[in-house]
Structures are given as structure tokens and as C-alpha cells.
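Participant: Next comes entry_24.txt, compact mmCIF, C-alpha atoms and all ligand atoms:
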```txt
# COMPACT_ATOMS: atom_id res chain seq x y z
CA MET U 1 -0.86 45.00 8.49
CA ASN U 2 0.80 41.92 7.01
CA ILE U 3 -0.05 38.79 9.00
CA GLY U 4 0.85 35.20 8.19
CA ILE U 5 3.09 32.20 8.69
CA ASP U 6 6.39 33.09 10.32
CA LYS U 7 7.54 29.55 11.09
CA ILE U 8 6.37 26.07 10.19
CA GLY U 9 7.45 22.71 11.59
CA PHE U 10 6.36 19.12 11.21
CA TYR U 11 6.56 15.82 13.01
CA THR U 12 5.56 12.28 12.09
CA PRO U 13 6.26 9.09 14.07
CA HIS U 14 9.42 7.12 13.32
CA LEU U 15 7.55 4.08 11.97
CA TYR U 16 5.83 3.48 8.64
CA VAL U 17 4.32 0.69 6.59
CA ASP U 18 4.96 0.29 2.86
CA MET U 19 1.72 0.63 0.89
CA ASN U 20 2.80 -1.99 -1.67
CA LYS U 21 3.15 -4.52 1.13
CA LEU U 22 -0.13 -3.47 2.74
CA ALA U 23 -1.86 -3.96 -0.63
CA VAL U 24 -0.41 -7.48 -1.02
CA ALA U 25 -1.51 -8.37 2.52
CA ARG U 26 -5.04 -7.18 1.67
CA ASP U 27 -5.07 -9.02 -1.65
CA ILE U 28 -5.30 -5.73 -3.57
CA GLU U 29 -3.21 -4.71 -6.59
CA PRO U 30 -0.44 -2.42 -5.24
CA GLU U 31 -1.12 0.13 -8.02
CA LYS U 32 -4.52 0.80 -6.49
CA PHE U 33 -2.79 2.24 -3.43
CA THR U 34 0.26 3.80 -5.09
CA VAL U 35 -1.47 5.18 -8.22
CA GLY U 36 -5.26 5.03 -7.65
CA ILE U 37 -5.02 6.44 -4.12
CA GLY U 38 -1.52 7.90 -4.55
CA GLN U 39 0.14 6.80 -1.32
CA GLU U 40 3.62 5.21 -0.89
CA LYS U 41 4.13 4.98 2.87
CA MET U 42 1.79 5.31 5.83
CA ALA U 43 3.01 6.67 9.16
CA ILE U 44 2.35 4.35 12.09
CA PRO U 45 2.21 5.83 15.60
CA PRO U 46 3.67 3.68 18.39
CA ILE U 47 1.59 3.70 21.58
CA THR U 48 4.06 6.24 23.00
CA GLN U 49 2.84 8.90 20.51
CA ASP U 50 -0.56 10.56 20.63
CA PRO U 51 -1.88 13.86 19.18
CA VAL U 52 -0.35 15.76 22.12
CA THR U 53 3.16 14.38 21.66
CA LEU U 54 3.01 14.66 17.87
CA ALA U 55 2.06 18.33 18.24
CA ALA U 56 4.71 19.08 20.86
CA ASN U 57 7.39 17.36 18.76
CA ALA U 58 6.34 19.39 15.69
CA ALA U 59 6.59 22.69 17.57
CA LEU U 60 9.76 21.84 19.53
CA GLY U 61 12.06 22.16 16.52
CA ILE U 62 10.87 25.62 15.44
CA LEU U 63 10.50 27.66 18.63
CA ASN U 64 13.27 29.72 20.19
CA GLU U 65 13.22 31.46 23.59
CA ALA U 66 11.87 34.72 22.11
CA ASP U 67 8.94 32.86 20.51
CA LYS U 68 8.17 31.13 23.81
CA GLU U 69 7.90 34.54 25.50
CA LYS U 70 5.86 36.17 22.73
CA ILE U 71 3.34 33.37 22.12
CA ASP U 72 0.23 34.36 24.05
CA PHE U 73 -2.26 32.16 22.26
CA VAL U 74 -2.07 28.42 21.55
CA ILE U 75 -4.70 27.04 19.16
CA PHE U 76 -4.70 23.27 18.84
CA GLY U 77 -6.69 21.93 15.87
CA THR U 78 -7.51 18.25 16.18
CA GLU U 79 -10.26 15.73 15.61
CA SER U 80 -8.52 12.92 17.49
CA GLY U 81 -8.06 14.78 20.78
CA ILE U 82 -7.46 12.80 23.95
CA ASP U 83 -9.91 14.47 26.31
CA ASN U 84 -13.50 15.65 25.94
CA SER U 85 -12.88 18.52 28.35
CA LYS U 86 -9.27 19.61 28.63
CA SER U 87 -7.62 21.08 25.55
CA ALA U 88 -4.69 19.12 24.14
CA GLY U 89 -3.05 22.53 23.78
CA VAL U 90 -2.66 22.92 27.53
CA TYR U 91 -0.40 19.84 27.68
CA VAL U 92 1.61 21.18 24.75
CA HIS U 93 1.87 24.60 26.36
CA ASN U 94 3.49 22.96 29.39
CA LEU U 95 5.72 20.54 27.45
CA LEU U 96 7.13 23.44 25.41
CA GLY U 97 7.62 25.74 28.41
CA LEU U 98 5.54 28.61 26.99
CA ASN U 99 4.76 31.90 28.70
CA PRO U 100 1.97 31.22 31.25
CA HIS U 101 0.21 34.45 30.21
CA ALA U 102 -1.36 32.78 27.22
CA ARG U 103 -4.77 31.64 26.05
CA THR U 104 -5.04 27.99 25.04
CA VAL U 105 -7.91 26.23 23.27
CA GLU U 106 -8.70 23.23 21.11
CA MET U 107 -10.56 23.72 17.81
CA LYS U 108 -12.70 21.03 16.24
CA GLN U 109 -14.31 20.75 12.83
CA ALA U 110 -12.78 17.60 11.34
CA CYS U 111 -9.76 18.42 9.13
CA TYR U 112 -10.67 22.12 9.10
CA GLY U 113 -9.64 22.82 12.74
CA ALA U 114 -6.17 24.23 12.06
CA THR U 115 -7.52 26.53 9.34
CA ALA U 116 -10.08 27.90 11.79
CA GLY U 117 -7.12 28.36 14.15
CA ILE U 118 -5.17 30.35 11.58
CA GLN U 119 -8.12 32.65 10.90
CA LEU U 120 -8.64 33.20 14.63
CA ALA U 121 -4.91 33.88 14.99
CA LYS U 122 -5.08 36.52 12.23
CA GLY U 123 -7.73 38.41 14.20
CA HIS U 124 -5.71 38.14 17.40
CA ILE U 125 -2.57 39.50 15.74
CA ALA U 126 -4.54 42.34 14.13
CA LEU U 127 -5.56 43.44 17.64
CA ASN U 128 -2.20 42.60 19.26
CA PRO U 129 0.50 43.16 16.64
CA GLU U 130 3.39 42.35 19.01
CA SER U 131 2.14 38.91 19.96
CA LYS U 132 2.59 35.54 18.26
CA VAL U 133 0.15 32.66 18.01
CA LEU U 134 1.08 28.98 17.92
CA VAL U 135 -1.36 27.12 15.67
CA ILE U 136 -1.07 23.33 15.53
CA GLY U 137 -2.89 20.67 13.53
CA SER U 138 -2.24 17.23 15.01
CA ASP U 139 -4.02 13.94 14.42
CA ILE U 140 -3.94 10.20 14.12
CA ALA U 141 -6.23 9.01 11.31
CA ARG U 142 -7.84 5.65 12.09
CA TYR U 143 -10.47 3.81 10.05
CA GLY U 144 -9.69 0.24 11.06
CA LEU U 145 -7.89 -2.83 9.77
CA ASN U 146 -9.27 -4.28 6.53
CA THR U 147 -11.59 -1.32 5.89
CA PRO U 148 -11.78 0.68 2.62
CA GLY U 149 -10.42 3.69 4.51
CA GLU U 150 -7.38 1.78 5.82
CA SER U 151 -5.10 2.92 2.98
CA THR U 152 -5.89 6.56 3.88
CA GLN U 153 -4.73 6.47 7.52
CA GLY U 154 -1.68 8.32 8.84
CA ALA U 155 -0.28 10.27 11.80
CA GLY U 156 1.51 13.57 12.26
CA ALA U 157 1.38 17.22 13.19
CA VAL U 158 2.21 20.60 11.70
CA ALA U 159 2.98 23.56 13.96
CA MET U 160 2.95 27.17 12.75
CA VAL U 161 3.83 30.47 14.32
CA ILE U 162 1.45 33.18 13.08
CA SER U 163 2.69 36.73 13.48
CA ALA U 164 2.80 40.23 11.99
CA ASN U 165 5.45 40.71 9.27
CA PRO U 166 5.84 36.94 8.81
CA ARG U 167 9.01 35.66 7.21
CA ILE U 168 7.50 32.80 5.19
CA MET U 169 4.05 33.70 3.88
CA VAL U 170 1.70 36.66 4.18
CA LEU U 171 -1.94 35.59 4.22
CA GLU U 172 -3.98 37.73 1.87
CA GLU U 173 -7.16 39.56 2.79
CA HIS U 174 -9.76 37.53 0.93
CA SER U 175 -11.10 34.19 2.00
CA ALA U 176 -14.12 32.16 0.87
CA TYR U 177 -15.91 29.62 3.05
CA PHE U 178 -18.86 27.26 2.97
CA THR U 179 -20.73 25.13 5.53
CA ASN U 180 -23.33 22.43 4.98
CA ASP U 181 -24.60 19.76 7.40
CA ILE U 182 -23.69 16.43 5.73
CA MET U 183 -22.69 12.96 6.93
CA ASP U 184 -19.68 12.11 4.78
CA PHE U 185 -17.28 11.29 7.63
CA TRP U 186 -17.82 11.41 11.40
CA ARG U 187 -16.62 9.87 14.63
CA PRO U 188 -19.09 9.53 17.50
CA ILE U 189 -17.62 10.18 20.92
CA TYR U 190 -17.67 6.44 21.78
CA SER U 191 -15.61 5.34 18.81
CA ASP U 192 -11.84 5.54 18.31
CA LYS U 193 -12.29 4.89 14.58
CA ALA U 194 -13.94 7.12 11.99
CA PHE U 195 -17.10 6.23 10.10
CA VAL U 196 -17.13 7.28 6.48
CA ASP U 197 -19.24 7.26 3.35
CA GLY U 198 -16.20 7.15 1.09
CA LYS U 199 -17.66 7.96 -2.34
CA PHE U 200 -19.94 10.66 -0.91
CA SER U 201 -16.99 12.25 0.92
CA ASN U 202 -15.05 12.45 -2.35
CA GLU U 203 -17.99 14.09 -4.12
CA GLN U 204 -18.53 16.59 -1.32
CA TYR U 205 -14.83 17.51 -1.19
CA ILE U 206 -15.07 18.49 -4.88
CA TYR U 207 -18.46 20.21 -4.46
CA PHE U 208 -17.19 22.33 -1.56
CA PHE U 209 -14.09 23.17 -3.60
CA SER U 210 -16.26 24.44 -6.47
CA LYS U 211 -18.30 26.58 -4.05
CA VAL U 212 -15.34 28.28 -2.38
CA TRP U 213 -13.29 28.61 -5.57
CA GLU U 214 -16.14 30.45 -7.30
CA GLN U 215 -16.77 32.66 -4.28
CA TYR U 216 -13.07 33.38 -3.89
CA LYS U 217 -12.73 34.51 -7.50
CA GLU U 218 -15.76 36.79 -7.09
CA LYS U 219 -14.41 38.33 -3.88
CA SER U 220 -10.80 38.76 -5.01
CA GLY U 221 -11.07 39.32 -8.77
CA LEU U 222 -8.23 36.81 -9.21
CA GLU U 223 -8.07 34.08 -11.84
CA LEU U 224 -6.24 30.77 -12.27
CA LYS U 225 -3.33 32.50 -14.03
CA ASP U 226 -2.62 34.47 -10.83
CA PHE U 227 -1.65 31.31 -8.93
CA GLU U 228 1.79 29.78 -8.89
CA ALA U 229 0.46 26.76 -7.00
CA ILE U 230 -2.62 25.49 -5.20
CA CYS U 231 -2.26 23.26 -2.14
CA TYR U 232 -5.07 21.01 -1.02
CA HIS U 233 -6.18 19.19 2.07
CA LEU U 234 -4.89 15.73 1.19
CA PRO U 235 -6.75 12.76 2.68
CA TYR U 236 -4.79 10.92 -0.04
CA THR U 237 -2.83 12.53 -2.82
CA LYS U 238 -5.15 11.63 -5.70
CA MET U 239 -7.98 13.60 -4.03
CA GLY U 240 -6.48 17.05 -4.51
CA LEU U 241 -5.61 16.24 -8.10
CA LYS U 242 -9.23 15.41 -8.80
CA ALA U 243 -10.23 18.84 -7.45
CA LEU U 244 -7.47 20.66 -9.34
CA ARG U 245 -8.53 19.02 -12.60
CA THR U 246 -12.00 20.54 -12.29
CA ILE U 247 -10.62 24.07 -12.80
CA LEU U 248 -7.76 23.51 -15.25
CA ASP U 249 -9.94 24.47 -18.23
CA GLU U 250 -9.91 28.02 -16.85
CA GLY U 251 -6.19 28.36 -17.62
CA THR U 252 -3.76 28.22 -20.53
CA GLU U 253 -1.59 25.19 -21.22
CA GLU U 254 1.25 26.97 -19.43
CA ASP U 255 -0.93 27.57 -16.33
CA ASN U 256 -1.93 23.92 -16.32
CA GLU U 257 1.65 22.66 -16.60
CA ARG U 258 2.80 24.92 -13.77
CA LEU U 259 -0.10 24.05 -11.47
CA VAL U 260 0.09 20.30 -12.08
CA ALA U 261 3.89 20.26 -11.63
CA ASN U 262 3.63 22.20 -8.37
CA TYR U 263 0.76 19.97 -7.28
CA GLN U 264 3.02 16.93 -7.65
CA VAL U 265 5.71 18.58 -5.50
CA SER U 266 3.12 19.62 -2.91
CA THR U 267 2.03 16.01 -2.42
CA GLN U 268 5.43 14.38 -1.80
CA TYR U 269 5.43 14.61 1.99
CA ASN U 270 1.76 13.56 2.23
CA ARG U 271 2.39 10.63 -0.11
CA ASN U 272 4.87 9.32 2.45
CA VAL U 273 2.89 10.06 5.61
CA GLY U 274 -0.81 9.53 4.84
CA ASN U 275 -3.75 11.56 6.05
CA ILE U 276 -2.93 13.65 9.11
CA TYR U 277 -6.36 15.31 9.07
CA THR U 278 -5.96 18.88 10.47
CA GLY U 279 -2.30 19.15 9.44
CA SER U 280 -2.67 17.69 5.93
CA LEU U 281 -3.11 20.95 4.02
CA TYR U 282 -0.15 22.51 5.82
CA LEU U 283 2.00 19.43 5.27
CA SER U 284 1.25 19.86 1.57
CA LEU U 285 2.28 23.53 1.77
CA LEU U 286 5.48 22.49 3.54
CA SER U 287 6.20 19.89 0.87
CA LEU U 288 5.81 22.54 -1.85
CA LEU U 289 7.98 25.13 -0.11
CA GLU U 290 10.74 22.76 0.96
CA LEU U 291 10.97 20.65 -2.21
CA ASN U 292 10.50 23.24 -4.99
CA GLU U 293 13.75 25.19 -4.86
CA GLY U 294 12.66 27.38 -7.77
CA LEU U 295 9.53 28.80 -6.18
CA GLU U 296 10.09 32.56 -6.18
CA ALA U 297 9.31 35.11 -3.49
CA GLY U 298 6.15 37.00 -4.43
CA SER U 299 4.45 33.82 -5.69
CA ARG U 300 0.83 33.37 -4.75
CA VAL U 301 -0.18 29.98 -3.30
CA GLY U 302 -3.84 28.98 -2.97
CA LEU U 303 -4.92 26.86 -0.01
CA TYR U 304 -8.01 24.65 0.01
CA SER U 305 -9.08 23.42 3.43
CA TYR U 306 -11.84 20.81 3.83
CA GLY U 307 -13.19 19.32 7.03
CA SER U 308 -15.88 16.68 6.70
CA GLY U 309 -19.27 17.31 8.10
CA ALA U 310 -18.54 19.80 6.45
CA VAL U 311 -16.71 23.13 6.17
CA GLY U 312 -14.54 24.25 3.26
CA GLU U 313 -12.38 27.35 2.88
CA PHE U 314 -10.17 28.77 0.14
CA PHE U 315 -7.59 31.42 0.95
CA THR U 316 -4.21 32.51 -0.33
CA GLY U 317 -0.73 33.56 0.70
CA ILE U 318 2.22 35.37 -0.83
CA LEU U 319 5.74 34.00 -0.32
CA GLN U 320 8.14 36.43 1.32
CA SER U 321 11.70 37.27 0.27
CA ASP U 322 14.26 34.74 1.57
CA TYR U 323 11.42 32.54 2.87
CA ARG U 324 13.53 29.40 2.25
CA GLU U 325 16.03 30.54 4.88
CA HIS U 326 13.30 30.24 7.51
CA LEU U 327 12.30 26.68 6.67
CA HIS U 328 13.66 23.62 8.50
CA ILE U 329 14.41 21.61 5.39
CA ASN U 330 17.30 19.54 6.77
CA ASP U 331 15.44 18.63 9.97
CA HIS U 332 12.50 17.36 7.96
CA LYS U 333 14.77 15.47 5.56
CA HIS U 334 16.40 13.81 8.55
CA LEU U 335 12.98 12.97 10.01
CA PHE U 336 11.97 11.18 6.81
CA ASP U 337 15.36 9.51 6.27
CA SER U 338 15.55 8.08 9.78
CA ARG U 339 12.15 6.40 9.80
CA MET U 340 11.94 2.62 10.17
CA GLU U 341 9.69 0.26 8.26
CA VAL U 342 7.37 -2.10 10.12
CA THR U 343 5.84 -5.22 8.58
CA VAL U 344 2.07 -5.46 8.09
CA PRO U 345 1.67 -7.84 11.11
CA GLU U 346 3.73 -5.41 13.22
CA TYR U 347 1.52 -2.51 12.07
CA GLU U 348 -1.61 -4.52 12.92
CA LYS U 349 -0.27 -5.24 16.40
CA LEU U 350 0.54 -1.55 16.97
CA PHE U 351 -2.90 -0.57 15.67
CA GLU U 352 -4.65 -2.81 18.20
CA GLU U 353 -2.60 -1.61 21.20
CA THR U 354 -4.70 0.58 23.48
CA LEU U 355 -4.35 2.44 26.76
CA PRO U 356 -6.28 1.28 29.85
CA VAL U 357 -9.70 2.89 30.35
CA ASP U 358 -10.36 1.50 33.85
CA GLY U 359 -8.04 3.77 35.82
CA SER U 360 -5.27 1.16 36.08
CA THR U 361 -1.61 2.11 35.80
CA LEU U 362 0.45 1.44 32.69
CA GLU U 363 4.09 2.29 32.29
CA LEU U 364 5.23 2.48 28.67
CA ASP U 365 8.67 1.69 27.30
CA ILE U 366 9.79 4.94 25.65
CA THR U 367 13.33 3.78 24.89
CA LYS U 368 12.42 2.55 21.39
CA ASP U 369 10.64 5.80 20.46
CA THR U 370 13.08 8.24 18.85
CA ALA U 371 10.87 11.28 19.60
CA ALA U 372 11.98 13.91 22.11
CA ILE U 373 8.51 14.03 23.67
CA CYS U 374 6.66 10.81 24.46
CA LEU U 375 3.70 9.43 26.33
CA SER U 376 5.31 7.50 29.19
CA GLY U 377 2.23 5.97 30.75
CA VAL U 378 -1.21 6.34 32.28
CA GLU U 379 -2.12 6.57 35.94
CA ASP U 380 -5.48 7.37 37.61
CA ASN U 381 -6.98 8.08 34.15
CA LYS U 382 -4.29 10.69 33.50
CA ARG U 383 -1.80 10.57 30.64
CA LEU U 384 1.82 11.10 31.65
CA TYR U 385 4.22 12.80 29.26
CA VAL U 386 7.99 13.12 29.27
CA ARG U 387 10.39 15.38 27.46
CA LYS U 388 13.61 13.34 27.22
P1 LIG P 401 -12.23 2.39 -2.54
O1 LIG P 401 -13.68 2.34 -2.80
O2 LIG P 401 -11.61 1.17 -2.00
O3 LIG P 401 -11.43 2.76 -3.83
O4 LIG P 401 -11.92 3.57 -1.52
P2 LIG P 401 -11.94 2.98 -5.33
O5 LIG P 401 -12.52 1.73 -5.86
O6 LIG P 401 -12.72 4.25 -5.43
O7 LIG P 401 -10.53 3.19 -6.02
C1 LIG P 401 -9.74 4.29 -5.71
C2 LIG P 401 -9.01 4.72 -6.97
O8 LIG P 401 -8.05 3.69 -7.32
C3 LIG P 401 -9.91 4.87 -8.20
O9 LIG P 401 -9.39 5.97 -8.92
C4 LIG P 401 -9.67 3.58 -8.98
O10 LIG P 401 -9.92 3.69 -10.36
C5 LIG P 401 -8.19 3.37 -8.71
P3 LIG P 401 -10.37 7.19 -9.32
O11 LIG P 401 -11.37 6.61 -10.24
O12 LIG P 401 -11.00 7.65 -8.03
O13 LIG P 401 -9.47 8.19 -9.93
N1 LIG P 401 -7.71 1.98 -8.91
C6 LIG P 401 -6.56 1.70 -9.51
N2 LIG P 401 -5.61 2.48 -10.07
C7 LIG P 401 -4.52 1.87 -10.61
N3 LIG P 401 -4.35 0.51 -10.63
C8 LIG P 401 -5.27 -0.30 -10.08
C9 LIG P 401 -6.44 0.28 -9.49
N4 LIG P 401 -7.52 -0.21 -8.87
C10 LIG P 401 -8.30 0.84 -8.52
N5 LIG P 401 -5.09 -1.63 -10.11
C11 LIG P 401 -11.75 5.78 -0.68
C12 LIG P 401 -11.32 4.81 -1.79
C13 LIG P 401 -10.95 7.06 -0.80
C14 LIG P 401 -13.24 6.10 -0.85
C15 LIG P 401 -11.51 5.11 0.69
O14 LIG P 401 -10.15 4.89 0.88
C16 LIG P 401 -12.04 5.94 1.86
O15 LIG P 401 -13.21 5.84 2.22
N6 LIG P 401 -11.15 6.79 2.50
C17 LIG P 401 -11.57 7.65 3.59
C18 LIG P 401 -12.39 8.84 3.13
C19 LIG P 401 -11.61 9.88 2.37
O16 LIG P 401 -10.40 9.93 2.41
N7 LIG P 401 -12.34 10.79 1.69
C20 LIG P 401 -11.73 11.88 0.98
C21 LIG P 401 -12.60 13.12 0.92
S1 LIG P 401 -13.25 13.57 2.53
C22 LIG P 401 -11.92 14.38 3.33
O17 LIG P 401 -10.97 14.73 2.72
C23 LIG P 401 -12.07 14.58 4.81
C24 LIG P 401 -11.24 13.64 5.66
O18 LIG P 401 -9.88 14.00 5.62
C25 LIG P 401 -11.76 13.64 7.10
C26 LIG P 401 -11.91 14.97 7.81
O19 LIG P 401 -12.22 16.01 7.28
O20 LIG P 401 -11.78 14.90 9.05
C27 LIG P 401 -11.35 12.21 5.19
```
Represent the supplied structure as C-alpha cells.

Facilitator:
Amino acid sequence: MNIGIDKIGFYTPHLYVDMNKLAVARDIEPEKFTVGIGQEKMAIPPITQDPVTLAANAALGILNEADKEKIDFVIFGTESGIDNSKSAGVYVHNLLGLNPHARTVEMKQACYGATAGIQLAKGHIALNPESKVLVIGSDIARYGLNTPGESTQGAGAVAMVISANPRIMVLEEHSAYFTNDIMDFWRPIYSDKAFVDGKFSNEQYIYFFSKVWEQYKEKSGLELKDFEAICYHLPYTKMGLKALRTILDEGTEEDNERLVANYQVSTQYNRNVGNIYTGSLYLSLLSLLELNEGLEAGSRVGLYSYGSGAVGEFFTGILQSDYREHLHINDHKHLFDSRMEVTVPEYEKLFEETLPVDGSTLELDITKDTAAICLSGVEDNKRLYVRK
């Protein structure tokens, strides 16, 4: 049975900061951020957006009434969830008006959560071919003001419908994965900011890539020449390029040109959003599919997922005929075009804004937030959401 991505949608908040201006404010050469790290703009979430609203906004634009009936499993990948008990997916299930006869869970393993969700969804569809699964990766990446990780923050969500006979991409049979207990990036339960060993995390990202790439080739019998493109988890866009470069000597000059050119296309959305953790790999896939008009049906795309701590996985998909007709290219173009820039001091103020943790009531002004679904306040330690 063919199982894979039938629909894919994306949401990022309406505010961003320019990385050139952030560099100047931090007394750093702008080229370090725009070339060395490879980021142009960083999405800034207003206090009225959290991982729940980002996720719901990402899914809202792609689901029709038939999907809402058929979805019987919601898998919410996140590492910046809002509750240590209740799944963020349950809020999203309600905000989207999904069929109550559904399972809903939250998956956590750093940036790998949505990939775990996709693999679980594949198994569910294999057993229940008529059903559909909503898999979401939604996060706000926070390292802190004036930290080395600051330039690699971001916010956003990718929502995917996984089904039999998918119209965008069939996920192939083979997959290679690797786990090792390391401390490259982590966030203890008491902290709203991540801790990271930056250089070590970069090394481990590459090491895990080498492990799963080798295992994938062994399992599948495929080689570099068989790939039209490879998409990477992108904490920042230079990271994936570093990993890609480690395998280019396995291909011809033509393979290298094709893979590097497609890599550049696959990083455009991420370059303008920043790290969105669980959704980053799928935002890169979306960037490739929506911005490379020449990518032909039948092309094989490799996908490298990495979640610190750490788990890595490499798997592949085949693009389906007329897949472009099922993308939401204009909606995403509009989303990017209508964003508003904030100054560095404005970003810093937004970064420091927090919700009460003492049970007091806070009503938020949602009129300035252009999103359809917003966090409208907190009361009795409960978050309140509205769909405008
Ligand atoms: P840093 O130490 O400030 O930067 O932090 P650097 O000194 O390594 O410089 C970065 C690059 O800019 C270098 O390029 C410099 O040469 C270049 P490279 O040698 O690496 O190719 N550079 C310049 N280029 C042009 N003009 C200039 C210039 N100056 C310098 N003037 C670091 C960088 C990424 C470590 C930091 O931002 C950080 O800690 N970020 C967070 C961790 C991270 O993103 N790790 C990535 C792998 S782990 C991962 O992907 C998982 C993750 O998503 C979390 C999860 O799974 O949940 C993070």
C-alpha cells in the first residue's frame, strides 16, 4: 500500500526581525549571520501565539470537511509544549473541529518528534487504510537574548495529512535510524530556554547523518545518483549544507550540481523563519516543493531528521503526479509577504513577555495578531484560545 503525505501546510507568526540588524545590535558582522549561519529573517512570536496556536493555524488552511471526518489520529510533535500532562494536540483537535472519535497524543524527542509521528502514522494507515492522520510539528525555539544560540531561534509549525494513496509524496519502505544518549542540546522542565553545547551539537548532527546515510544505503541499495534532492532538519541553513558536503564525493559533478542547487531552494523558507525545531525538516521539504517549479513527479527526495539528545533518521519519498496542484503555494506566499518587521528592541520586549504562573487572570489583546487562531488569555492556570 502506498502511504505518505497527502497535504502539507505551514504557519509562522506575522512578525520577524532582520538578521542584519540583529547582528549590528550584537556587535557582530552581519555576514556571520547571513552567510556563516545562513539566516536572513527570524520569526518572532507575539505573546498571543504559542505552539498550540501555531499548529492550529498551520492545519486550518489545509483541512476540508472530509478530512475533519476522516482524521482519527492527531500526533503533535513538539519540544516546547505548554503542559507537562495534557497533549497540545487535544487543544488543536478542538480548535479545528475534528471528529471526536480520534486518538490524540504529543510526541517528544527534540526536533525528531514529527518524524516519529509520521512513522507512527504510517503504521496506523497500514492497519486502517481508510483513515487519515494529522501530524504536526510546532515549536518556538528560544535560547535567550545575547546568547550564541540567539541567531538560531524561530517559531512556526508544519501540519501534514498522512494517508493511503497520498497526492503529494509516497514514503518509501526503507528507513534508517540511530539513537545515542548525548548532551548536545536539552531543556530541563524548569527552563523556558534551551541549553546547548553548540559545537558538539554540530558535530553530532553530522555524525548521526553519516550513521543513518550509510545504513540507509545498505538497506535500500540506493546511491547518491538516485536522489533528486535531500532535505535536512535545518537549525540554521548552513548546517544541512555541511552535512550534504560530507557525501558529495560519492556522486558525479552533475549529481553534485543538482543536489546543491536543490539544497539552496530547500532552505529558502527556513532562511526566512529560523529554527522551528520539529517542523524544520518539513518546512525545508515545503520550500523545495513550492519553490522549484521544475521538480518532476517520480523524483526521489531524501529526508534527514535529527533531534538532539539524540535520534537521527533518514528516509525517502517519491513525488506523485500533479503534486504541485495539491500544495498551498499562494497562501504561503501571502503569509511571507504580509509579515511585519520589528526592531531589535521590540523583539527583545516581546521575548521577555511571559504569561502569569501564579493563577492570576490575564486578558491579551488579540486585535494586532493577524492569525485566525490566537491565545486570548490565561485564567485559573488555563490557557484560553479563540478562533476569530
Ligand atoms: P557561534 O560559535 O557563535 O558561531 O555559534 P561560529 O563561530 O561557529 O560561526 C558560525 C559560522 O559563521 C562559521 O562557519 C564561521 O566561520 C562563520 P563554519 O565554519 O561553521 O562554516 N562566520 C562568518 N562567515 C562569514 N562572515 C563572517 C563570519 N564570522 C563567522 N564575518 C552555533 C554557532 C550554531 C554553534 C550557535 O548558534 C548555536 O549554538 N546554535 C544552537 C545549536 C544548533 O543550532 N546546533 C545545530 C545542530 S543540533 C540540531 O540541529 C538540533 C536542534 O535543532 C535542537 C533539537 O533537536 O531540538 C538545535

Participant: Within 7 Å of Gly377 in chain U, counting only C-alpha atoms, which residues qualify if same-chain residues fewer than 5 places away don't, as a VMD selection string?

Facilitator: chain U and resid 362 to 364 383 to 384

Participant: Select the residues contacting ligand LIG 401 (chain P) at a distance of at most 6 Å, based on only C-alpha atoms and all ligand atoms, then format the selection as a PyMOL selection string.

Facilitator: chain U and resi 29+31-32+35-37+110-111+148-149+151-152+196+198-199+201-202+205+235+277+306-308

Participant: Please work out which residues fall within 9 Å of (2.0, -2.1, 14.4), coordinates as given in the file, with all atoms listed in the file counting, and return them as a PyMOL selection string.

Facilitator: chain U and resi 15-17+44-46+342-353

Participant: May I have the residues within 10 Å of range 65-72 of chain U as a VMD selection string, using only C-alpha atoms and disregarding those fewer than 4 positions away in the same chain?

Facilitator: chain U and resid 93 96 to 104 124 128 130 to 134 161 to 163

Participant: For the contact check between range 245-347 of chain U and range 227-231 of chain U, emit one row per residue of range 245-347 of chain U within 9 Å, containing the shortest atom pair and the distance in Å rounded to one decimal, counting all atoms listed in the file, chain then rising number order, as a Markdown table.

Facilitator:
```
| residue | atom | partner | partner_atom | distance |
| --- | --- | --- | --- | --- |
| U:Asp255 | CA | U:Glu228 | CA | 8.2 |
| U:Arg258 | CA | U:Glu228 | CA | 7.0 |
| U:Leu259 | CA | U:Ala229 | CA | 5.3 |
| U:Val260 | CA | U:Ala229 | CA | 8.2 |
| U:Ala261 | CA | U:Ala229 | CA | 8.7 |
| U:Asn262 | CA | U:Ala229 | CA | 5.7 |
| U:Tyr263 | CA | U:Ile230 | CA | 6.8 |
| U:Ser266 | CA | U:Cys231 | CA | 6.5 |
| U:Thr267 | CA | U:Cys231 | CA | 8.4 |
| U:Leu281 | CA | U:Cys231 | CA | 6.6 |
| U:Tyr282 | CA | U:Cys231 | CA | 8.3 |
| U:Ser284 | CA | U:Cys231 | CA | 6.1 |
| U:Leu285 | CA | U:Cys231 | CA | 6.0 |
| U:Leu288 | CA | U:Cys231 | CA | 8.1 |
| U:Leu295 | CA | U:Glu228 | CA | 8.3 |
| U:Ser299 | CA | U:Glu228 | CA | 5.8 |
| U:Arg300 | CA | U:Phe227 | CA | 5.3 |
| U:Val301 | CA | U:Ala229 | CA | 4.9 |
| U:Gly302 | CA | U:Ile230 | CA | 4.3 |
| U:Leu303 | CA | U:Cys231 | CA | 5.0 |
| U:Tyr304 | CA | U:Cys231 | CA | 6.3 |
| U:Ser305 | CA | U:Cys231 | CA | 8.8 |
| U:Thr316 | CA | U:Ile230 | CA | 8.7 |
```

Participant: Would you work out the distance separating CA of Ala126 in chain U from CA of Met1 in chain U, expressed in Å to one decimal?

Facilitator: 7.2 Å

Participant: Just checking: using only C-alpha atoms, which residue out of U:Phe208, U:Asp365, U:Gly251, U:Asn272 ends up closest to Thr237 in chain U?

Facilitator: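 Of U:Phe208, U:Asp365, U:Gly251, U:Asn272, the one nearest Thr237 in chain U is U:Asn272, counting only C-alpha atoms.
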
Participant: Determine the nearest neighbour of Arg245 in chain U from the options U:Ile206, U:Gly154, U:Asn165, U:Ser220, counting only C-alpha atoms.

Facilitator: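 Of the candidates, the smallest distance to Arg245 in chain U is held by U:Ile206.
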
Participant: Residues at most 12 Å from range 174-183 of chain U, counting all atoms listed in the file, excluding those fewer than 2 positions away in the same chain, as a ChimeraX atom specification?

Facilitator: /U:109-110,112,115-116,118-119,170-172,185-188,194-201,203-205,207-222,302-317
